[in-house]
$ cat model.txt   # compact mmCIF, C-alpha atoms
# COMPACT_ATOMS: atom_id res chain seq x y z
CA MET A 1 0.00 0.00 0.00
CA ALA A 2 2.88 2.36 0.75
CA SER A 3 4.25 1.88 -2.78
CA GLN A 4 0.88 2.73 -4.34
CA PHE A 5 0.61 6.08 -2.54
CA PRO A 6 4.15 7.46 -2.25
CA PHE A 7 2.91 11.06 -2.29
CA ARG A 8 1.05 10.55 1.03
CA ARG A 9 4.21 9.59 2.82
CA ARG A 10 6.02 12.58 1.34
CA LEU A 11 3.28 14.95 2.44
CA ARG A 12 2.94 13.58 5.96
CA ASN A 13 6.57 13.46 6.93
CA PRO A 14 7.35 17.21 6.50
CA LEU A 15 4.32 18.16 8.59
CA ARG A 16 5.19 15.66 11.27
CA ARG A 17 8.81 16.78 11.36
CA ARG A 18 7.73 20.40 11.65
CA SER A 19 5.34 19.70 14.54
CA ASP A 20 7.96 17.65 16.39
CA HIS A 21 10.50 20.40 15.87
CA GLU A 22 8.11 23.04 17.20
CA GLN A 23 7.32 20.94 20.27
CA ARG A 24 11.02 20.51 21.02
CA ARG A 25 11.55 24.25 20.70
CA PHE A 26 8.60 24.89 23.03
CA ARG A 27 9.94 22.43 25.59
CA ARG A 28 13.34 24.14 25.50
CA GLY A 29 11.63 27.47 26.06
CA VAL A 30 9.71 26.09 29.04
CA TYR A 31 12.87 24.65 30.59
CA ILE A 32 14.82 27.89 30.13
CA LEU A 33 12.25 30.06 31.91
CA PRO A 34 12.83 28.71 35.46
CA SER A 35 16.58 28.83 34.83
CA LEU A 36 16.32 32.53 34.03
CA PHE A 37 14.85 33.16 37.48
CA THR A 38 17.65 31.06 38.98
CA LEU A 39 20.16 33.13 37.05
CA GLY A 40 18.60 36.28 38.49
CA ASN A 41 18.94 34.74 41.94
CA LEU A 42 22.63 34.12 41.27
CA PHE A 43 23.13 37.69 40.07
CA CYS A 44 21.56 39.07 43.27
CA GLY A 45 24.06 37.13 45.36
CA TYR A 46 26.92 38.40 43.21
CA ALA A 47 25.69 42.00 43.44
CA CYS A 48 25.35 41.71 47.22
CA VAL A 49 28.99 40.66 47.48
CA ILE A 50 30.14 43.54 45.27
CA TYR A 51 28.25 46.19 47.24
CA ALA A 52 29.29 44.67 50.57
CA THR A 53 32.97 44.87 49.68
CA ARG A 54 32.46 48.52 48.77
CA GLY A 55 30.88 49.23 52.15
CA GLU A 56 27.47 50.07 50.65
CA TYR A 57 25.49 47.86 53.02
CA GLU A 58 22.15 49.59 52.49
CA LYS A 59 22.33 48.62 48.81
CA ALA A 60 23.78 45.16 49.39
CA ALA A 61 21.24 43.80 51.89
CA PRO A 62 18.09 44.15 49.71
CA PHE A 63 19.65 41.96 47.02
CA ILE A 64 19.33 38.98 49.36
CA GLY A 65 15.62 39.72 49.75
CA ILE A 66 15.20 39.88 45.98
CA ALA A 67 17.08 36.59 45.67
CA VAL A 68 14.63 34.98 48.12
CA VAL A 69 11.69 36.06 45.94
CA LEU A 70 13.35 34.77 42.76
CA ASP A 71 14.19 31.49 44.47
CA MET A 72 10.54 31.01 45.36
CA LEU A 73 9.38 31.82 41.83
CA ASP A 74 11.70 29.53 39.88
CA GLY A 75 10.51 26.42 41.70
CA ARG A 76 6.84 27.37 41.42
CA ILE A 77 7.12 28.14 37.72
CA ALA A 78 8.94 24.87 37.07
CA ARG A 79 6.22 22.89 38.87
CA MET A 80 3.38 24.77 37.19
CA MET A 81 4.79 24.18 33.71
CA GLY A 82 5.94 20.65 34.38
CA SER A 83 9.50 21.61 33.50
CA THR A 84 11.31 20.32 36.56
CA SER A 85 14.62 18.66 35.77
CA GLU A 86 17.77 17.44 37.46
CA PHE A 87 19.71 20.25 35.83
CA GLY A 88 17.35 22.85 37.27
CA LEU A 89 17.67 21.33 40.74
CA GLN A 90 21.46 21.38 40.67
CA PHE A 91 21.63 24.86 39.14
CA ASP A 92 19.27 26.17 41.80
CA SER A 93 21.37 24.67 44.60
CA LEU A 94 24.59 26.17 43.23
CA ALA A 95 22.96 29.58 42.96
CA ASP A 96 21.61 29.27 46.52
CA VAL A 97 25.10 28.59 47.88
CA ILE A 98 26.18 31.96 46.49
CA SER A 99 23.06 33.98 47.32
CA PHE A 100 22.19 32.44 50.70
CA GLY A 101 25.60 31.23 51.84
CA MET A 102 28.48 33.28 50.53
CA ALA A 103 26.67 36.62 50.09
CA PRO A 104 25.21 36.92 53.64
CA ALA A 105 28.48 35.70 55.14
CA ILE A 106 30.53 38.35 53.35
CA LEU A 107 27.89 40.97 54.09
CA SER A 108 27.98 40.13 57.81
CA PHE A 109 31.78 40.06 57.88
CA GLN A 110 32.20 43.41 56.15
CA TRP A 111 29.39 44.98 58.20
CA GLY A 112 30.62 44.10 61.69
CA LEU A 113 32.42 40.79 62.11
CA ALA A 114 35.64 42.09 60.58
CA SER A 115 36.38 44.00 63.79
CA LEU A 116 36.58 40.65 65.62
CA GLY A 117 39.48 39.46 63.52
CA ARG A 118 39.84 35.71 63.13
CA LEU A 119 36.77 35.05 65.26
CA GLY A 120 34.55 36.95 62.83
CA TRP A 121 36.28 35.28 59.89
CA ALA A 122 35.58 31.83 61.35
CA ALA A 123 31.95 32.64 62.17
CA ALA A 124 31.27 33.77 58.61
CA PHE A 125 32.89 30.60 57.25
CA LEU A 126 30.70 28.45 59.50
CA PHE A 127 27.64 30.13 58.00
CA VAL A 128 28.80 29.31 54.46
CA THR A 129 29.52 25.71 55.44
CA ALA A 130 26.13 25.28 57.12
CA ALA A 131 24.33 26.67 54.07
CA ALA A 132 26.16 24.25 51.75
CA LEU A 133 25.39 21.29 54.03
CA ARG A 134 21.76 22.35 54.33
CA LEU A 135 21.31 22.51 50.57
CA ALA A 136 23.05 19.17 50.02
CA ARG A 137 20.78 17.52 52.59
CA PHE A 138 17.71 19.13 51.03
CA ASN A 139 18.56 17.70 47.60
CA ILE A 140 18.73 14.21 49.10
CA GLN A 141 15.57 14.47 51.21
CA ALA A 142 13.41 16.48 48.78
CA PRO A 143 11.81 13.52 46.94
CA THR A 144 10.81 11.68 50.15
CA GLY A 145 10.39 14.47 52.70
CA ASP A 146 7.19 15.95 54.09
CA LYS A 147 6.19 18.88 51.88
CA ARG A 148 4.60 20.73 54.80
CA TYR A 149 7.86 21.12 56.72
CA PHE A 150 11.56 21.74 56.22
CA VAL A 151 14.07 19.70 58.22
CA GLY A 152 16.33 22.46 59.48
CA MET A 153 16.02 26.15 58.76
CA PRO A 154 15.86 26.86 55.00
CA SER A 155 18.90 28.68 53.69
CA PRO A 156 16.88 31.64 52.28
CA ALA A 157 15.29 32.21 55.69
CA ALA A 158 18.67 31.89 57.40
CA ALA A 159 20.18 34.43 54.99
CA GLY A 160 17.30 36.77 55.77
CA ILE A 161 18.46 37.13 59.40
CA PRO A 162 21.72 38.99 58.67
CA ALA A 163 20.24 40.72 55.63
CA ALA A 164 17.32 42.20 57.58
CA THR A 165 19.61 43.19 60.46
CA VAL A 166 22.07 44.97 58.19
CA PHE A 167 19.23 46.65 56.30
CA LEU A 168 17.85 47.97 59.60
CA TYR A 169 21.21 49.32 60.77
CA PRO A 170 23.45 49.88 57.72
CA ALA A 171 25.98 52.03 59.62
CA GLY A 172 27.93 48.93 60.63
CA LEU A 173 29.75 47.86 63.78
CA HIS A 174 33.33 49.05 64.20
CA ASP A 175 33.92 48.30 67.89
CA PRO A 176 34.78 44.66 68.81
CA GLN A 177 32.62 44.86 71.94
CA GLU A 178 29.63 45.92 69.87
CA ALA A 179 30.32 43.23 67.29
CA LEU A 180 30.37 40.35 69.80
CA PRO A 181 26.55 40.13 70.05
CA ALA A 182 26.42 40.13 66.24
CA LEU A 183 27.99 36.66 66.28
CA ALA A 184 24.58 35.28 67.22
CA MET A 185 23.18 36.81 64.04
CA VAL A 186 25.36 34.38 62.07
CA LEU A 187 25.92 31.40 64.36
CA VAL A 188 22.30 30.81 65.42
CA PRO A 189 20.95 30.53 61.84
CA ALA A 190 23.97 28.38 60.92
CA LEU A 191 23.20 25.90 63.71
CA LEU A 192 19.51 25.87 62.83
CA MET A 193 20.26 25.09 59.18
CA VAL A 194 22.07 21.86 60.10
CA SER A 195 19.64 20.94 62.90
CA THR A 196 16.67 18.59 62.66
CA ILE A 197 14.16 21.16 63.92
CA ARG A 198 11.15 21.34 61.62
CA PHE A 199 10.25 24.67 60.06
CA ARG A 200 6.91 25.30 58.44
CA SER A 201 6.85 25.32 54.65
CA PHE A 202 4.72 27.84 52.77
CA LYS A 203 4.55 25.88 49.53
CA ALA A 204 0.83 25.37 50.08
CA ILE A 205 0.18 29.09 49.71
CA GLY A 206 -2.07 29.62 46.71
CA SER A 207 -4.07 26.44 47.21
CA ARG A 208 -7.77 26.42 47.95
CA THR A 209 -8.90 27.81 51.27
CA ARG A 210 -12.27 28.22 52.93
CA ARG A 211 -11.64 31.89 53.73
CA PRO A 212 -9.91 33.45 50.72
CA TYR A 213 -11.01 36.99 51.56
CA ARG A 214 -9.35 36.86 54.96
CA VAL A 215 -6.13 35.69 53.34
CA LEU A 216 -6.29 38.53 50.82
CA ILE A 217 -6.89 41.11 53.56
CA LEU A 218 -3.94 39.83 55.58
CA PHE A 219 -1.72 39.86 52.52
CA ALA A 220 -2.81 43.43 51.69
CA ALA A 221 -1.97 44.49 55.26
CA PHE A 222 1.42 42.84 54.92
CA ILE A 223 2.15 44.74 51.71
CA ALA A 224 1.06 48.03 53.30
CA LEU A 225 3.34 47.53 56.29
CA LEU A 226 6.19 46.43 54.05
CA VAL A 227 5.91 49.60 51.96
CA THR A 228 5.54 51.99 54.89
CA HIS A 229 8.03 50.37 57.31
CA PRO A 230 10.25 48.06 55.23
CA GLN A 231 13.19 47.79 57.67
CA TRP A 232 11.15 46.88 60.74
CA MET A 233 8.78 44.65 58.79
CA LEU A 234 11.61 42.59 57.29
CA VAL A 235 13.27 42.22 60.70
CA ALA A 236 9.99 41.05 62.23
CA LEU A 237 9.44 38.63 59.37
CA ALA A 238 12.96 37.16 59.52
CA TYR A 239 13.20 36.78 63.28
CA GLY A 240 9.56 35.75 63.59
CA TYR A 241 10.12 32.80 61.27
CA LEU A 242 13.20 31.84 63.28
CA LEU A 243 11.20 31.85 66.53
CA SER A 244 8.26 30.02 64.97
CA ALA A 245 10.12 26.71 65.10
CA PHE A 246 10.72 27.01 68.84
CA LEU A 247 7.12 28.04 69.42
CA GLY A 248 6.01 25.00 67.44
CA LEU A 249 8.19 22.73 69.58
CA ALA A 250 6.76 24.23 72.79
CA TRP A 251 3.20 23.87 71.51
CA THR A 252 3.78 20.23 70.57
CA LYS A 253 5.10 19.42 74.04
CA LEU A 254 2.16 21.15 75.69
CA ARG A 255 -0.30 19.14 73.60
CA ARG A 256 1.39 15.83 74.39
CA ARG A 257 1.67 16.42 78.16
CA PRO A 258 -2.05 16.08 79.07
CA SER A 259 -2.35 12.81 77.16
CA ALA A 260 0.75 11.38 78.86
CA GLU A 261 -0.31 12.18 82.45
CA PRO A 262 -3.45 9.94 82.50
CA MET A 263 -1.39 7.07 81.10
CA ALA A 264 1.13 7.47 83.94
CA GLY A 265 -1.69 7.53 86.53
$ encode --input "model.txt" --output "structure tokens"
Amino acid sequence: MASQFPFRRRLRNPLRRRSDHEQRRFRRGVYILPSLFTLGNLFCGYACVIYATRGEYEKAAPFIGIAVVLDMLDGRIARMMGSTSEFGLQFDSLADVISFGMAPAILSFQWGLASLGRLGWAAAFLFVTAAALRLARFNIQAPTGDKRYFVGMPSPAAAGIPAATVFLYPAGLHDPQEALPALAMVLVPALLMVSTIRFRSFKAIGSRTRRPYRVLILFAAFIALLVTHPQWMLVALAYGYLLSAFLGLAWTKLRRRPSAEPMAG
């Protein structure tokens, strides 16, 4: 039959080749879109380092906040379009090491830890190491972990602690006695990143809810406060998320205690 109608095969093949070629081009375009957001995340970390070394801390700190937003968007866009890939996962992790490990460490060191000498140098290096370990553990546990929680403090949230602090007080710390309390700004998030404390994940934001208007009102209030008082709002957001894990642990223990006492009696 194919020999009797050779013109059909000649007409079908060019159309099929063209459609397959267009689909491959579309798939490449879909895969490149999340990577562009990851590239923007990487650029923000690089720009933060450049401005921090110049001593322009008020310009350097917001780049970490922008990197956090871009890091949230690239994963959501990849999942929405079905364009998740192993390359995107590894590229995102490498960018996060720069934006949420190296950049906040250098920013903290230039801002105040440099006056402590080797102690400040070591504290900043511990932050970078903890961020790298946190991201490596996340890549291993991501396929099997609970989507509602993070095991250990996420590196973007940990980077937000020094970024929000520096953005609130960009003058810097030049006295070693003043810089000693600033060690907690770096060491506490570093320890939390490599801990097994569970932090709440906000990946479910955007799903269906019974009270959407209340969520919209709260989000509008958040935007209004962020625009009118950005420094204080970012500090409250960063440190509030840090404390939320400890509040969750305390609440869990309080809920388990009444059920355990009758069993002991």
$ atom_distance --input "model.txt" --atom1 "atom CA of A:Tyr241" --atom2 "atom CA of A:Leu218"
16.7 Å
$ atom_distance --input "model.txt" --atom1 "atom CA of A:Cys44" --atom2 "atom CA of A:Glu178"
28.6 Å
$ closest_residue --input "model.txt" --among "A:Pro212, A:Pro189, A:Gly40, A:Pro162" --to "A:Phe109" --atoms "all atoms listed in the file"
A:Pro162
$ closest_residue --input "model.txt" --among "A:Asn139, A:Ser195, A:Thr165, A:Ser93" --to "A:Thr38" --atoms "all atoms listed in the file"
A:Ser93
$ closest_residue --input "model.txt" --among "A:Val194, A:Ala132, A:Leu116, A:Met102" --to "A:Ala47" --atoms "all atoms listed in the file"
A:Met102
$ closest_residue --input "model.txt" --among "A:Lys147, A:Ala52, A:Ala159, A:Val188" --to "A:Pro104" --atoms "all atoms listed in the file"
A:Ala159
$ residues_around --input "model.txt" --residues "A:Ala164" --least-positions-apart "4" --cutoff "10 Å" --atoms "only C-alpha atoms" --output "PyMOL selection string"
chain A and resi 61-62+64-65+159-160+168-170+230-239
$ atom_distance --input "model.txt" --atom1 "atom CA of A:Tyr149" --atom2 "atom CA of A:Leu191"
17.5 Å
$ residues_around --input "model.txt" --residues "A:Leu242" --least-positions-apart "6" --cutoff "9 Å" --atoms "all atoms listed in the file" --output "PDB file with C-alpha atoms, in the coordinates of the input"
ATOM      1  CA  MET A 153      16.020  26.150  58.760  1.00  0.00           C
ATOM      2  CA  ALA A 157      15.290  32.210  55.690  1.00  0.00           C
ATOM      3  CA  ALA A 158      18.670  31.890  57.400  1.00  0.00           C
ATOM      4  CA  ILE A 161      18.460  37.130  59.400  1.00  0.00           C
ATOM      5  CA  PRO A 189      20.950  30.530  61.840  1.00  0.00           C
ATOM      6  CA  LEU A 192      19.510  25.870  62.830  1.00  0.00           C
ATOM      7  CA  PHE A 199      10.250  24.670  60.060  1.00  0.00           C
TER       8      PHE A 199
END
$ closest_residue --input "model.txt" --among "A:Leu173, A:Ala245, A:Ala130, A:Ala163" --to "A:Met193" --atoms "all atoms listed in the file"
A:Ala130
$ residues_around --input "model.txt" --residues "A:Val128" --least-positions-apart "4" --cutoff "9 Å" --atoms "only C-alpha atoms" --output "list of chain:residue names"
A:Val97, A:Ile98, A:Phe100, A:Gly101, A:Met102, A:Ala103, A:Pro104, A:Ala105, A:Ala123, A:Ala124, A:Ala132, A:Leu133, A:Ala190
$ residues_around --input "model.txt" --residues "A:Thr53" --least-positions-apart "3" --cutoff "8 Å" --atoms "only C-alpha atoms" --output "tab-separated table (two decimals) with C-alpha atoms, in the frame of the given file"
chain	number	residue	atom	x	y	z
A	49	VAL	CA	28.99	40.66	47.48
A	50	ILE	CA	30.14	43.54	45.27
A	56	GLU	CA	27.47	50.07	50.65
A	106	ILE	CA	30.53	38.35	53.35
A	107	LEU	CA	27.89	40.97	54.09
A	110	GLN	CA	32.20	43.41	56.15
$ closest_residue --input "model.txt" --among "A:Trp111, A:Phe246, A:Phe127, A:Phe87" --to "A:Val186" --atoms "all atoms listed in the file"
A:Phe127
